[in-house]
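**Student:** Data: upload-v2.pdb, PDB, C-alpha atoms.
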ATOM      1  CA  MET A   1      27.366 -49.966 134.720
ATOM      2  CA  THR A   2      28.378 -52.509 137.278
ATOM      3  CA  ASN A   3      28.814 -52.210 141.009
ATOM      4  CA  THR A   4      32.569 -52.112 140.384
ATOM      5  CA  PHE A   5      32.120 -48.428 139.521
ATOM      6  CA  LEU A   6      30.298 -47.924 142.829
ATOM      7  CA  ASN A   7      33.281 -49.478 144.594
ATOM      8  CA  ARG A   8      35.646 -47.186 142.769
ATOM      9  CA  VAL A   9      33.657 -44.080 143.699
ATOM     10  CA  SER A  10      33.532 -45.173 147.362
ATOM     11  CA  ALA A  11      37.299 -45.610 147.407
ATOM     12  CA  GLU A  12      37.962 -42.315 145.634
ATOM     13  CA  ARG A  13      35.613 -40.568 148.049
ATOM     14  CA  ARG A  14      37.614 -41.825 151.033
ATOM     15  CA  VAL A  15      40.885 -40.589 149.555
ATOM     16  CA  LEU A  16      39.451 -37.159 148.747
ATOM     17  CA  SER A  17      37.920 -36.917 152.199
ATOM     18  CA  VAL A  18      41.289 -37.556 153.871
ATOM     19  CA  VAL A  19      42.982 -34.874 151.767
ATOM     20  CA  ASN A  20      40.225 -32.271 151.624
ATOM     21  CA  GLY A  21      39.583 -32.535 155.350
ATOM     22  CA  ARG A  22      42.880 -30.729 155.822
ATOM     23  CA  PHE A  23      42.503 -27.934 153.286
ATOM     24  CA  SER A  24      40.175 -25.058 152.530
ATOM     25  CA  ARG A  25      37.688 -25.422 149.679
ATOM     26  CA  THR A  26      39.849 -23.192 147.513
ATOM     27  CA  ASN A  27      42.540 -25.879 147.608
ATOM     28  CA  GLN A  28      40.193 -28.784 146.956
ATOM     29  CA  LEU A  29      41.506 -31.984 145.377
ATOM     30  CA  THR A  30      38.755 -32.441 142.796
ATOM     31  CA  GLY A  31      39.461 -35.974 141.658
ATOM     32  CA  LEU A  32      42.084 -38.663 141.255
ATOM     33  CA  SER A  33      42.924 -38.089 137.615
ATOM     34  CA  ARG A  34      46.599 -37.371 137.007
ATOM     35  CA  VAL A  35      45.817 -33.836 135.943
ATOM     36  CA  ALA A  36      43.614 -33.147 138.989
ATOM     37  CA  ILE A  37      46.378 -34.389 141.297
ATOM     38  CA  ALA A  38      48.991 -32.286 139.475
ATOM     39  CA  LYS A  39      46.810 -29.174 139.741
ATOM     40  CA  TRP A  40      46.203 -29.760 143.433
ATOM     41  CA  CYS A  41      49.934 -30.157 144.116
ATOM     42  CA  ALA A  42      50.646 -26.929 142.244
ATOM     43  CA  SER A  43      47.902 -25.163 144.163
ATOM     44  CA  VAL A  44      49.032 -26.340 147.604
ATOM     45  CA  GLY A  45      52.730 -26.058 146.841
ATOM     46  CA  LEU A  46      55.018 -28.445 144.991
ATOM     47  CA  GLU A  47      57.525 -28.702 147.835
ATOM     48  CA  ARG A  48      54.844 -29.300 150.409
ATOM     49  CA  THR A  49      53.321 -32.117 148.372
ATOM     50  CA  VAL A  50      56.457 -33.775 147.018
ATOM     51  CA  SER A  51      56.028 -36.855 149.198
ATOM     52  CA  ILE A  52      52.230 -36.897 148.958
ATOM     53  CA  LYS A  53      51.951 -36.860 145.171
ATOM     54  CA  PRO A  54      53.330 -40.380 144.569
ATOM     55  CA  ILE A  55      50.981 -41.793 147.211
ATOM     56  CA  LEU A  56      48.009 -40.090 145.551
ATOM     57  CA  LEU A  57      49.043 -41.359 142.113
ATOM     58  CA  SER A  58      49.372 -44.844 143.476
ATOM     59  CA  LEU A  59      45.952 -44.621 145.150
ATOM     60  CA  ALA A  60      44.474 -43.305 141.904
ATOM     61  CA  GLU A  61      45.749 -46.334 140.045
ATOM     62  CA  LYS A  62      44.412 -48.705 142.699
ATOM     63  CA  CYS A  63      40.990 -47.037 142.638
ATOM     64  CA  GLN A  64      40.883 -47.244 138.858
ATOM     65  CA  ARG A  65      41.586 -50.947 139.081
ATOM     66  CA  LEU A  66      38.412 -51.402 141.106
ATOM     67  CA  SER A  67      36.400 -50.631 137.973
ATOM     68  CA  ASP A  68      38.843 -52.014 135.462
ATOM     69  CA  ARG A  69      37.491 -55.236 134.082
ATOM     70  CA  SER A  70      39.824 -55.581 131.151
ATOM     71  CA  ASN A  71      41.734 -58.364 132.800
ATOM     72  CA  GLU A  72      40.551 -61.938 133.039
ATOM     73  CA  THR A  73      41.707 -62.260 136.659
ATOM     74  CA  PHE A  74      39.643 -59.238 137.600
ATOM     75  CA  HIS A  75      38.310 -60.600 140.880
ATOM     76  CA  GLN A  76      41.776 -61.253 142.281
ATOM     77  CA  ILE A  77      42.904 -57.800 141.166
ATOM     78  CA  GLU A  78      39.905 -56.190 142.863
ATOM     79  CA  GLN A  79      40.669 -57.883 146.189
ATOM     80  CA  HIS A  80      44.337 -57.027 145.934
ATOM     81  CA  ALA A  81      43.560 -53.404 145.016
ATOM     82  CA  ALA A  82      41.143 -53.001 147.936
ATOM     83  CA  ALA A  83      43.740 -54.229 150.448
ATOM     84  CA  SER A  84      46.394 -52.045 148.882
ATOM     85  CA  ILE A  85      44.141 -48.967 149.080
ATOM     86  CA  GLU A  86      43.795 -49.457 152.832
ATOM     87  CA  ARG A  87      47.574 -49.562 153.256
ATOM     88  CA  HIS A  88      48.086 -46.480 151.108
ATOM     89  CA  LEU A  89      45.368 -44.546 152.955
ATOM     90  CA  VAL A  90      47.222 -45.077 156.229
ATOM     91  CA  GLU A  91      50.429 -43.941 154.538
ATOM     92  CA  LEU A  92      48.652 -40.891 153.088
ATOM     93  CA  GLU A  93      47.254 -39.853 156.464
ATOM     94  CA  GLY A  94      50.698 -40.166 158.042
ATOM     95  CA  GLU A  95      52.337 -38.147 155.300
ATOM     96  CA  LEU A  96      49.686 -35.417 155.468
ATOM     97  CA  GLU A  97      50.187 -35.255 159.212
ATOM     98  CA  ARG A  98      53.925 -34.902 158.743
ATOM     99  CA  CYS A  99      53.827 -32.315 155.950
ATOM    100  CA  MET A 100      51.000 -29.997 156.939
TER     101      MET A 100
ATOM    102  CA  MET B   1      51.588 -53.088 116.232
ATOM    103  CA  ASN B   2      49.198 -55.658 117.501
ATOM    104  CA  HIS B   3      46.248 -53.578 118.638
ATOM    105  CA  GLU B   4      43.290 -51.571 117.361
ATOM    106  CA  LEU B   5      42.438 -47.960 118.164
ATOM    107  CA  TYR B   6      38.994 -46.362 118.111
ATOM    108  CA  VAL B   7      37.579 -42.920 118.846
ATOM    109  CA  PHE B   8      34.279 -42.955 120.707
ATOM    110  CA  GLY B   9      32.257 -40.645 122.950
ATOM    111  CA  SER B  10      31.405 -36.995 122.395
ATOM    112  CA  VAL B  11      33.953 -36.343 119.656
ATOM    113  CA  ALA B  12      32.714 -39.322 117.629
ATOM    114  CA  ARG B  13      29.197 -37.831 117.897
ATOM    115  CA  GLY B  14      30.404 -34.386 116.870
ATOM    116  CA  GLU B  15      29.277 -33.142 120.302
ATOM    117  CA  VAL B  16      32.187 -30.883 121.187
ATOM    118  CA  SER B  17      32.594 -28.120 123.760
ATOM    119  CA  PRO B  18      35.516 -26.153 125.228
ATOM    120  CA  THR B  19      35.965 -28.893 127.847
ATOM    121  CA  SER B  20      35.729 -31.857 125.457
ATOM    122  CA  ASP B  21      38.406 -34.502 125.452
ATOM    123  CA  ILE B  22      38.906 -37.408 123.085
ATOM    124  CA  ASP B  23      37.915 -40.887 124.261
ATOM    125  CA  ILE B  24      40.243 -43.513 122.860
ATOM    126  CA  LEU B  25      39.465 -47.216 123.042
ATOM    127  CA  VAL B  26      42.339 -49.672 122.701
ATOM    128  CA  ILE B  27      41.753 -53.331 121.928
ATOM    129  CA  PRO B  28      45.174 -54.915 122.483
ATOM    130  CA  PHE B  29      45.914 -58.365 121.129
ATOM    131  CA  THR B  30      48.776 -58.747 123.607
ATOM    132  CA  SER B  31      48.651 -58.453 127.390
ATOM    133  CA  ASP B  32      51.105 -55.545 127.704
ATOM    134  CA  ARG B  33      48.956 -52.603 128.834
ATOM    135  CA  SER B  34      51.911 -50.383 129.706
ATOM    136  CA  LEU B  35      52.243 -49.455 126.035
ATOM    137  CA  PHE B  36      49.249 -47.126 126.237
ATOM    138  CA  PRO B  37      48.451 -43.897 128.079
ATOM    139  CA  ALA B  38      46.709 -44.454 131.410
ATOM    140  CA  GLU B  39      43.803 -42.214 130.331
ATOM    141  CA  TRP B  40      42.842 -44.468 127.408
ATOM    142  CA  SER B  41      40.188 -47.161 127.766
ATOM    143  CA  ILE B  42      41.817 -50.543 127.330
ATOM    144  CA  TYR B  43      39.563 -53.558 126.862
ATOM    145  CA  SER B  44      40.774 -57.030 125.971
ATOM    146  CA  PRO B  45      39.126 -58.594 122.886
ATOM    147  CA  GLU B  46      37.708 -61.340 125.122
ATOM    148  CA  LEU B  47      35.987 -58.797 127.343
ATOM    149  CA  VAL B  48      34.598 -56.793 124.423
ATOM    150  CA  GLU B  49      33.245 -59.991 122.924
ATOM    151  CA  ASP B  50      31.690 -60.903 126.280
ATOM    152  CA  TYR B  51      30.006 -57.465 126.486
ATOM    153  CA  PHE B  52      28.597 -57.922 122.974
ATOM    154  CA  ARG B  53      27.326 -61.409 123.792
ATOM    155  CA  LYS B  54      25.633 -60.153 126.980
ATOM    156  CA  GLY B  55      24.182 -57.054 125.324
ATOM    157  CA  ARG B  56      25.849 -54.580 127.706
ATOM    158  CA  LEU B  57      25.023 -50.935 127.075
ATOM    159  CA  PHE B  58      28.710 -50.167 126.553
ATOM    160  CA  ALA B  59      28.744 -52.721 123.720
ATOM    161  CA  TRP B  60      25.931 -50.807 122.019
ATOM    162  CA  HIS B  61      27.792 -47.567 122.628
ATOM    163  CA  LEU B  62      30.804 -48.979 120.807
ATOM    164  CA  HIS B  63      28.738 -50.615 118.081
ATOM    165  CA  LEU B  64      26.850 -47.433 117.247
ATOM    166  CA  GLU B  65      29.528 -44.799 117.735
ATOM    167  CA  ALA B  66      33.102 -46.086 117.835
ATOM    168  CA  GLN B  67      35.162 -45.105 114.811
ATOM    169  CA  CYS B  68      38.147 -47.312 114.048
ATOM    170  CA  ILE B  69      41.249 -45.201 113.449
ATOM    171  CA  PHE B  70      43.794 -47.998 113.353
ATOM    172  CA  THR B  71      43.683 -51.727 112.742
ATOM    173  CA  PRO B  72      46.365 -54.045 111.432
ATOM    174  CA  ASN B  73      43.604 -56.178 109.885
ATOM    175  CA  LYS B  74      41.358 -55.791 106.854
ATOM    176  CA  THR B  75      38.252 -55.807 109.003
ATOM    177  CA  SER B  76      38.214 -54.219 112.457
ATOM    178  CA  PHE B  77      37.460 -56.365 115.480
ATOM    179  CA  LEU B  78      34.231 -54.476 116.258
ATOM    180  CA  ASP B  79      32.978 -54.696 112.679
ATOM    181  CA  ALA B  80      33.644 -58.428 112.710
ATOM    182  CA  LEU B  81      31.573 -58.829 115.887
ATOM    183  CA  GLY B  82      28.453 -57.333 114.311
ATOM    184  CA  ALA B  83      25.556 -56.105 116.457
ATOM    185  CA  PRO B  84      25.504 -56.890 120.206
ATOM    186  CA  ALA B  85      22.697 -58.879 121.795
ATOM    187  CA  PRO B  86      19.733 -56.728 122.914
ATOM    188  CA  TYR B  87      20.401 -54.610 126.003
ATOM    189  CA  SER B  88      19.117 -56.725 128.866
ATOM    190  CA  THR B  89      20.510 -55.301 132.125
ATOM    191  CA  MET B  90      18.642 -51.997 132.149
ATOM    192  CA  ALA B  91      16.800 -52.595 135.454
ATOM    193  CA  GLN B  92      19.989 -53.565 137.281
ATOM    194  CA  ASP B  93      21.956 -50.694 135.755
ATOM    195  CA  ILE B  94      19.332 -48.137 136.790
ATOM    196  CA  ARG B  95      19.206 -49.576 140.306
ATOM    197  CA  GLU B  96      22.961 -49.201 140.717
ATOM    198  CA  LEU B  97      23.036 -45.741 139.143
ATOM    199  CA  GLU B  98      20.281 -44.652 141.499
ATOM    200  CA  ILE B  99      22.461 -45.778 144.436
ATOM    201  CA  LEU B 100      25.353 -43.782 142.963
ATOM    202  CA  LEU B 101      23.116 -40.710 142.675
ATOM    203  CA  ARG B 102      21.702 -41.050 146.194
ATOM    204  CA  GLU B 103      25.132 -41.502 147.779
ATOM    205  CA  ALA B 104      26.472 -38.376 146.070
ATOM    206  CA  ILE B 105      23.413 -36.357 147.137
ATOM    207  CA  GLU B 106      23.800 -37.579 150.725
ATOM    208  CA  GLU B 107      27.435 -36.467 150.675
ATOM    209  CA  ILE B 108      26.382 -33.035 149.407
ATOM    210  CA  LYS B 109      23.644 -32.759 152.025
ATOM    211  CA  SER B 110      26.110 -33.589 154.783
ATOM    212  CA  GLY B 111      28.399 -30.744 153.699
ATOM    213  CA  THR B 112      31.086 -32.707 151.879
ATOM    214  CA  ASN B 113      34.524 -31.177 151.548
ATOM    215  CA  SER B 114      34.734 -32.635 148.011
ATOM    216  CA  LEU B 115      31.853 -30.772 146.385
ATOM    217  CA  VAL B 116      33.354 -30.629 142.887
ATOM    218  CA  TYR B 117      33.806 -34.396 142.901
ATOM    219  CA  GLU B 118      30.307 -35.122 144.222
ATOM    220  CA  LEU B 119      28.593 -32.824 141.717
ATOM    221  CA  GLY B 120      30.504 -34.635 138.995
ATOM    222  CA  ILE B 121      29.208 -37.972 140.255
ATOM    223  CA  VAL B 122      25.654 -36.591 140.192
ATOM    224  CA  TYR B 123      26.175 -35.647 136.540
ATOM    225  CA  THR B 124      27.539 -39.095 135.675
ATOM    226  CA  ALA B 125      24.667 -40.905 137.401
ATOM    227  CA  VAL B 126      21.925 -38.735 135.858
ATOM    228  CA  ARG B 127      23.414 -38.947 132.368
ATOM    229  CA  ASP B 128      23.848 -42.712 132.578
ATOM    230  CA  ILE B 129      20.349 -43.316 133.944
ATOM    231  CA  ALA B 130      19.025 -41.435 130.928
ATOM    232  CA  MET B 131      21.241 -43.379 128.555
ATOM    233  CA  SER B 132      20.018 -46.659 130.039
ATOM    234  CA  VAL B 133      16.319 -45.859 129.756
ATOM    235  CA  SER B 134      16.671 -44.272 126.334
ATOM    236  CA  TRP B 135      16.836 -47.784 124.917
ATOM    237  CA  ALA B 136      13.246 -48.416 125.986
ATOM    238  CA  LEU B 137      11.808 -44.907 125.786
ATOM    239  CA  LEU B 138      13.304 -43.457 122.618
ATOM    240  CA  GLY B 139      13.396 -46.526 120.407
ATOM    241  CA  ALA B 140      17.150 -46.212 120.046
ATOM    242  CA  PRO B 141      19.824 -45.678 122.674
ATOM    243  CA  SER B 142      21.042 -42.126 123.126
ATOM    244  CA  PHE B 143      24.602 -41.633 124.316
ATOM    245  CA  SER B 144      24.407 -37.875 124.128
ATOM    246  CA  ARG B 145      25.170 -35.870 127.252
ATOM    247  CA  ARG B 146      21.786 -34.255 126.561
ATOM    248  CA  ALA B 147      20.036 -37.622 126.957
ATOM    249  CA  PRO B 148      18.339 -36.640 130.281
ATOM    250  CA  TYR B 149      16.470 -33.871 128.404
ATOM    251  CA  GLU B 150      15.395 -36.032 125.479
ATOM    252  CA  LEU B 151      13.193 -38.311 127.592
ATOM    253  CA  PRO B 152       9.402 -38.131 128.037
ATOM    254  CA  ALA B 153      10.055 -37.411 131.743
ATOM    255  CA  PRO B 154      12.728 -34.726 131.548
ATOM    256  CA  CYS B 155      15.457 -34.382 134.132
ATOM    257  CA  PRO B 156      14.243 -32.385 137.179
ATOM    258  CA  LEU B 157      17.373 -30.245 137.191
ATOM    259  CA  SER B 158      17.619 -27.020 135.191
ATOM    260  CA  PHE B 159      19.826 -27.510 132.167
ATOM    261  CA  MET B 160      22.200 -24.871 133.517
ATOM    262  CA  ALA B 161      22.665 -26.742 136.794
ATOM    263  CA  TYR B 162      23.118 -30.007 134.874
ATOM    264  CA  GLU B 163      25.800 -28.398 132.722
ATOM    265  CA  ASN B 164      27.506 -27.039 135.837
ATOM    266  CA  ALA B 165      27.549 -30.569 137.248
ATOM    267  CA  MET B 166      29.044 -31.737 133.939
ATOM    268  CA  LEU B 167      31.749 -29.090 134.218
ATOM    269  CA  ALA B 168      32.439 -30.277 137.762
ATOM    270  CA  ARG B 169      32.953 -33.768 136.346
ATOM    271  CA  HIS B 170      35.333 -32.419 133.729
ATOM    272  CA  TRP B 171      37.157 -30.565 136.496
ATOM    273  CA  SER B 172      37.588 -33.873 138.355
ATOM    274  CA  THR B 173      38.620 -35.967 135.402
ATOM    275  CA  ARG B 174      40.245 -33.526 132.996
ATOM    276  CA  GLY B 175      41.451 -30.783 135.314
ATOM    277  CA  VAL B 176      39.482 -28.157 133.408
ATOM    278  CA  GLU B 177      38.833 -25.527 136.059
ATOM    279  CA  ILE B 178      35.893 -23.315 135.220
ATOM    280  CA  SER B 179      34.188 -20.697 137.321
ATOM    281  CA  ILE B 180      30.819 -22.149 138.316
ATOM    282  CA  ASP B 181      28.567 -21.441 141.254
ATOM    283  CA  LEU B 182      29.105 -24.694 143.148
ATOM    284  CA  GLU B 183      26.889 -23.859 146.109
ATOM    285  CA  ARG B 184      23.922 -22.837 144.009
ATOM    286  CA  THR B 185      24.276 -25.914 141.837
ATOM    287  CA  ALA B 186      24.460 -28.076 144.954
ATOM    288  CA  GLN B 187      21.292 -26.497 146.361
ATOM    289  CA  GLU B 188      19.425 -27.238 143.157
ATOM    290  CA  VAL B 189      20.714 -30.808 143.064
ATOM    291  CA  VAL B 190      19.597 -31.428 146.648
ATOM    292  CA  ARG B 191      16.118 -29.983 146.053
ATOM    293  CA  ALA B 192      15.354 -31.878 142.821
ATOM    294  CA  PRO B 193      12.754 -34.685 143.085
ATOM    295  CA  TRP B 194      15.029 -37.504 141.937
ATOM    296  CA  THR B 195      12.954 -40.362 143.321
ATOM    297  CA  GLN B 196       9.890 -39.291 141.351
ATOM    298  CA  TRP B 197      11.957 -38.837 138.205
ATOM    299  CA  VAL B 198      13.505 -42.299 138.352
ATOM    300  CA  GLU B 199      10.140 -43.851 139.220
ATOM    301  CA  SER B 200       8.447 -42.098 136.312
ATOM    302  CA  LEU B 201      11.137 -43.418 133.982
ATOM    303  CA  ARG B 202      10.574 -46.936 135.289
ATOM    304  CA  GLU B 203       6.816 -46.636 134.799
ATOM    305  CA  ALA B 204       7.213 -45.242 131.294
ATOM    306  CA  GLN B 205       9.111 -48.296 130.052
TER     307      GLN B 205
END
When written as structure tokens, how does the structure in this file appear?

**Tutor:**
Amino acid sequence: MTNTFLNRVSAERRVLSVVNGRFSRTNQLTGLSRVAIAKWCASVGLERTVSIKPILLSLAEKCQRLSDRSNETFHQIEQHAAASIERHLVELEGELERCM
Amino acid sequence: MNHELYVFGSVARGEVSPTSDIDILVIPFTSDRSLFPAEWSIYSPELVEDYFRKGRLFAWHLHLEAQCIFTPNKTSFLDALGAPAPYSTMAQDIRELEILLREAIEEIKSGTNSLVYELGIVYTAVRDIAMSVSWALLGAPSFSRRAPYELPAPCPLSFMAYENAMLARHWSTRGVEISIDLERTAQEVVRAPWTQWVESLREAQ
């Protein structure tokens, strides 16, 4: 356990909050694993989520990087991932606004 | 093929259930990570060696449970490393896991719209707290998902609620959707005396 996992959970929580704030609990995005995202898209509607899915997958990868210490330049990656998450969150909110 | 593959986690312990998956560890001897599925755990040899030198709990997990299923060498990398240094970051780990637990409970209390996710985080935090203290309280580390119920101060959550939280975690990470009473589980999680439990574990060390 390191606080990198705490950072990852905080970031994932923000993404889920943005998505789940717009849907009923029966259409809850339960996590940022590939399979959870795929199930959510199928549940909400594949056409409706066609432009949202790649943003979610990208955010999932960035969040994972926050707790991924298998690279020697970890610190730089963490900073880069955090900045990138912010950009993608704005994009996600815009896309949700447009599609819903 | 310049990498090693290991199986670790529940399957390596024989602890299987309908929602089990297989944890694969990759130790690549090149820097190209794109060769492997995103779900696999990929750790550079330098990092694994660092974990062993520092006595991280994950190093002990690998040392005691990981089964090598492929190596291009006569002796696997983990076997060559031998035993890790004694686990020395227990206090810090428990502190951080307690924060993780508290944050998830606060989210649940405030009526989160991501209840499945938060219950899964509760499961992860409780399980990992138990794994961390098992080193001191059981004489040998336990990486079983039942670890919270093997301790002298048992987990204050009913086993059924704990298993529901585990299923919520599997729902988040593996997409295994199972019918569980989320609200009832959440109520039990919120009511449980977590502070006393963690304190009693600290005192018992």

**Student:** Give me the chain A side of the contact with chain B, cut-off 12 Å, one line per residue showing its nearest atom pair and distance in Å at one decimal, counting all atoms listed in the file, sorted by chain and residue number, as a tab-separated table.

**Tutor:**
residue	atom	partner	partner_atom	distance
A:Met1	CA	B:Asp93	CA	5.6
A:Thr2	CA	B:Asp93	CA	6.8
A:Asn3	CA	B:Glu96	CA	6.6
A:Thr4	CA	B:Glu96	CA	10.0
A:Phe5	CA	B:Leu100	CA	8.9
A:Leu6	CA	B:Leu100	CA	6.5
A:Asn7	CA	B:Leu100	CA	9.9
A:Arg8	CA	B:Leu100	CA	10.8
A:Val9	CA	B:Ile121	CA	8.3
A:Ser10	CA	B:Glu103	CA	9.2
A:Glu12	CA	B:Tyr117	CA	9.4
A:Arg13	CA	B:Ser114	CA	8.0
A:Arg14	CA	B:Ser114	CA	10.1
A:Val15	CA	B:Ser114	CA	10.2
A:Leu16	CA	B:Ser114	CA	6.6
A:Ser17	CA	B:Asn113	CA	6.7
A:Val18	CA	B:Asn113	CA	9.6
A:Val19	CA	B:Asn113	CA	9.2
A:Asn20	CA	B:Asn113	CA	5.8
A:Gly21	CA	B:Asn113	CA	6.5
A:Arg22	CA	B:Asn113	CA	9.4
A:Phe23	CA	B:Asn113	CA	8.8
A:Ser24	CA	B:Asn113	CA	8.4
A:Arg25	CA	B:Asn113	CA	6.8
A:Thr26	CA	B:Asn113	CA	10.4
A:Asn27	CA	B:Ser114	CA	10.3
A:Gln28	CA	B:Ser114	CA	6.8
A:Leu29	CA	B:Ser114	CA	7.3
A:Thr30	CA	B:Ser172	CA	4.8
A:Gly31	CA	B:Ser172	CA	4.3
A:Leu32	CA	B:Ser172	CA	7.2
A:Ser33	CA	B:Thr173	CA	5.3
A:Arg34	CA	B:Thr173	CA	8.3
A:Val35	CA	B:Gly175	CA	5.4
A:Ala36	CA	B:Gly175	CA	4.9
A:Ile37	CA	B:Gly175	CA	8.5
A:Ala38	CA	B:Gly175	CA	8.7
A:Lys39	CA	B:Gly175	CA	7.1
A:Trp40	CA	B:Gly175	CA	9.5
A:Leu57	CA	B:Ala38	CA	11.4
A:Ala60	CA	B:Ala38	CA	10.8
A:Glu61	CA	B:Ala38	CA	8.9
A:Gln64	CA	B:Ala38	CA	9.9
A:Arg65	CA	B:Ala38	CA	11.3
A:Ser67	CA	B:Ser41	CA	11.4
A:Asp68	CA	B:Tyr43	CA	8.8
A:Arg69	CA	B:Tyr43	CA	7.7
A:Ser70	CA	B:Tyr43	CA	4.7
A:Asn71	CA	B:Ser44	CA	7.0
A:Glu72	CA	B:Leu47	CA	7.9
A:Thr73	CA	B:Leu47	CA	11.5
A:Phe74	CA	B:Leu47	CA	10.9

**Student:** As a check of understanding, name the residues that the PyMOL selection byres ((chain B and resi 52) around 9) selects in the supplied structure, as an mmCIF file with C-alpha atoms, in the frame of the given file.

**Tutor:**
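As written to disk, part06.cif reads:
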data_model
loop_
_atom_site.group_PDB
_atom_site.id
_atom_site.type_symbol
_atom_site.label_atom_id
_atom_site.label_comp_id
_atom_site.auth_asym_id
_atom_site.auth_seq_id
_atom_site.Cartn_x
_atom_site.Cartn_y
_atom_site.Cartn_z
ATOM 1 C CA LEU B 47 35.987 -58.797 127.343
ATOM 2 C CA VAL B 48 34.598 -56.793 124.423
ATOM 3 C CA GLU B 49 33.245 -59.991 122.924
ATOM 4 C CA ASP B 50 31.690 -60.903 126.280
ATOM 5 C CA TYR B 51 30.006 -57.465 126.486
ATOM 6 C CA ARG B 53 27.326 -61.409 123.792
ATOM 7 C CA LYS B 54 25.633 -60.153 126.980
ATOM 8 C CA GLY B 55 24.182 -57.054 125.324
ATOM 9 C CA ARG B 56 25.849 -54.580 127.706
ATOM 10 C CA LEU B 57 25.023 -50.935 127.075
ATOM 11 C CA PHE B 58 28.710 -50.167 126.553
ATOM 12 C CA ALA B 59 28.744 -52.721 123.720
ATOM 13 C CA TRP B 60 25.931 -50.807 122.019
ATOM 14 C CA HIS B 63 28.738 -50.615 118.081
ATOM 15 C CA LEU B 81 31.573 -58.829 115.887
ATOM 16 C CA GLY B 82 28.453 -57.333 114.311
ATOM 17 C CA ALA B 83 25.556 -56.105 116.457
ATOM 18 C CA PRO B 84 25.504 -56.890 120.206
ATOM 19 C CA ALA B 85 22.697 -58.879 121.795
ATOM 20 C CA PRO B 86 19.733 -56.728 122.914
#

**Student:** Between CA of Ala80 (chain B) and CA of Glu15 (chain B), what distance in Å does the model show, to one decimal?

**Tutor:**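 That distance, rounded to one decimal, is 26.8 Å.
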
**Student:** Running the PyMOL selection byres ((chain A and resi 84-94) around 10) on this model by hand, what would come out? Give it as an NGL selection string.

**Tutor:** :A and (11-12 or 14-15 or 18-19 or 51-56 or 58-63 or 78-83 or 95-99)

**Student:** For Tyr149 (chain B), find every residue with an atom within 12 Å (counting only C-alpha atoms), except residues of its own chain fewer than 3 positions away, and show them as a list in words.

**Tutor:**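 Here the qualifying residues turn out to be Val126, Arg127, Ile129, Ala130, Met131, Ser134, Leu138, Ser142, Phe143, Ser144, Arg145, Arg146, Pro152, Ala153, Pro154, Cys155, Pro156, Leu157, Ser158, Phe159, Met160, Tyr162, Glu163 and Trp197 of chain B.
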
**Student:** Can I get the selection written as a compact mmCIF listing (two decimals), in the coordinates of the input, with C-alpha atoms?

**Tutor:**
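Done, and the output landed in part_20.txt:
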# COMPACT_ATOMS: atom_id res chain seq x y z
CA VAL B 126 21.92 -38.74 135.86
CA ARG B 127 23.41 -38.95 132.37
CA ILE B 129 20.35 -43.32 133.94
CA ALA B 130 19.02 -41.44 130.93
CA MET B 131 21.24 -43.38 128.56
CA SER B 134 16.67 -44.27 126.33
CA LEU B 138 13.30 -43.46 122.62
CA SER B 142 21.04 -42.13 123.13
CA PHE B 143 24.60 -41.63 124.32
CA SER B 144 24.41 -37.88 124.13
CA ARG B 145 25.17 -35.87 127.25
CA ARG B 146 21.79 -34.26 126.56
CA PRO B 152 9.40 -38.13 128.04
CA ALA B 153 10.06 -37.41 131.74
CA PRO B 154 12.73 -34.73 131.55
CA CYS B 155 15.46 -34.38 134.13
CA PRO B 156 14.24 -32.38 137.18
CA LEU B 157 17.37 -30.24 137.19
CA SER B 158 17.62 -27.02 135.19
CA PHE B 159 19.83 -27.51 132.17
CA MET B 160 22.20 -24.87 133.52
CA TYR B 162 23.12 -30.01 134.87
CA GLU B 163 25.80 -28.40 132.72
CA TRP B 197 11.96 -38.84 138.21
